[in-house]
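Trainee: One structure, as structure tokens, below. Some questions next.
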Amino acid sequence: MTAANGDRPLRADARRNRDLVLASAMRLLSDASGGSGGGGGSPTLDAIAKDAGVGIGTLYRHFPTREALVEAVYRNELTAVCDAAPALLEELAPVDATRAWMDRYIDFMIAKQGMAEALRTVIASGGNPYAHSRDLLGSAIRLLLDAGAANGALRKDVDADDVLVSISGVALVAGEPSMREQAGRLLDLLLDGLRYKP
């Protein structure tokens, strides 16, 4: 991982601080109540720094603006979701890895909904946190589908983008924490469709 200016890799302590800030920002920004320190609205950068256990100067060294922090949080979570696909395939059979990844993606979508206002602010300021998101997610799904097709557990004629849109649809209609059980049933139905051999 490189520094924000791309000149050199971050020292271990700087990387740790950056990761702490990202984790705290993700938690507080995706909290529907706005997190602590936000007065019921969006959390302040001071509140995020305090939650992370770092000084506000440390936060600003890594993320010079609120928009830079929000975009970094989104991209960090997106990367974690996409990186989960090969990691799950190392631990589980392709069908089980695919189902576990679907859960991971739903959790990501729920968190993203909690960050919706913050992400709109990034877009309004000229940023594009969603650039390449669909391609990255599609590649992760394609990896899972190909592994399942290779061992005969999943269909070979499925478009990765169709699966992405389907899981996103589940997140839209059953993306509330109180609906998580229903979301799981819908994902099970989707997985059954991926197993069906026409």
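Residue numbers start at 1 in each chain; chains themselves are named A, B, ... in the order of the structure tokens; ligands are numbered from 1 in the order shown.
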Could you make a table, as JSON lines, of the residues of range 109-156 of chain A that have an atom within 7 Å of an atom of range 67-87 of chain A, each with its nearest atom pair and distance in Å to one decimal, counting only C-alpha atoms, in chain and number order?
Mentor:
{"residue": "A:Ala118", "atom": "CA", "partner": "A:Val70", "partner_atom": "CA", "distance": 6.6}
{"residue": "A:Leu119", "atom": "CA", "partner": "A:Val70", "partner_atom": "CA", "distance": 6.7}
{"residue": "A:Val122", "atom": "CA", "partner": "A:Glu67", "partner_atom": "CA", "distance": 5.1}
{"residue": "A:Pro129", "atom": "CA", "partner": "A:Glu71", "partner_atom": "CA", "distance": 5.4}
{"residue": "A:Leu136", "atom": "CA", "partner": "A:Cys82", "partner_atom": "CA", "distance": 6.7}
{"residue": "A:Leu137", "atom": "CA", "partner": "A:Cys82", "partner_atom": "CA", "distance": 6.0}
{"residue": "A:Ala140", "atom": "CA", "partner": "A:Cys82", "partner_atom": "CA", "distance": 5.4}
{"residue": "A:Leu144", "atom": "CA", "partner": "A:Ala85", "partner_atom": "CA", "distance": 6.6}
Trainee: Can you pull out the residues contacting range 168-175 of chain A? Cut-off 8 Å, using only C-alpha atoms, and skip same-chain residues under 5 positions away; I want them as a PyMOL selection string.
Mentor: chain A and resi 106+109-110+180+182-183+186-187
Trainee: Mind writing the picked residues with N, CA and C atoms as an mmCIF file, in the first residue's frame?
Mentor:
data_model
loop_
_atom_site.group_PDB
_atom_site.id
_atom_site.type_symbol
_atom_site.label_atom_id
_atom_site.label_comp_id
_atom_site.auth_asym_id
_atom_site.auth_seq_id
_atom_site.Cartn_x
_atom_site.Cartn_y
_atom_site.Cartn_z
ATOM 1 N N ILE A 106 -24.314 -8.849 0.179
ATOM 2 C CA ILE A 106 -25.512 -8.236 0.781
ATOM 3 C C ILE A 106 -25.107 -7.333 1.944
ATOM 4 N N MET A 109 -23.812 -4.172 0.555
ATOM 5 C CA MET A 109 -24.872 -3.317 0.030
ATOM 6 C C MET A 109 -25.642 -2.630 1.156
ATOM 7 N N ILE A 110 -25.862 -3.341 2.249
ATOM 8 C CA ILE A 110 -26.555 -2.746 3.392
ATOM 9 C C ILE A 110 -25.732 -1.590 3.952
ATOM 10 N N ARG A 180 -33.056 -9.667 7.093
ATOM 11 C CA ARG A 180 -31.891 -10.467 6.708
ATOM 12 C C ARG A 180 -32.250 -11.933 6.465
ATOM 13 N N GLN A 182 -35.127 -13.119 5.326
ATOM 14 C CA GLN A 182 -35.753 -13.213 4.011
ATOM 15 C C GLN A 182 -34.715 -13.064 2.906
ATOM 16 N N ALA A 183 -33.770 -12.165 3.091
ATOM 17 C CA ALA A 183 -32.703 -12.003 2.096
ATOM 18 C C ALA A 183 -31.967 -13.323 1.905
ATOM 19 N N LEU A 186 -34.011 -15.630 -0.257
ATOM 20 C CA LEU A 186 -33.961 -15.209 -1.661
ATOM 21 C C LEU A 186 -32.629 -15.585 -2.305
ATOM 22 N N LEU A 187 -31.555 -15.461 -1.552
ATOM 23 C CA LEU A 187 -30.248 -15.867 -2.074
ATOM 24 C C LEU A 187 -30.200 -17.372 -2.302
#
Trainee: Check the smallest atom-to-atom distance from each of A:Ile141, A:Ala116, A:Ala52, A:Leu164 to Leu22 in chain A using only C-alpha atoms, then report the winner.
Mentor: A:Ala52
Trainee: Nearest residue to Leu189 in chain A out of A:Ile56, A:Met102, A:Ala14, A:Ala131, using only C-alpha atoms?
Mentor: A:Met102
Trainee: Please list as a list in words every residue within 10 Å of Leu143 in chain A, counting only C-alpha atoms and excluding residues in the same chain fewer than 5 positions away.
Mentor: Ala85, Pro86, Leu89, Pro94, Thr98, Leu137, Gly138, Gly148, Ala149 and Ala160 of chain A
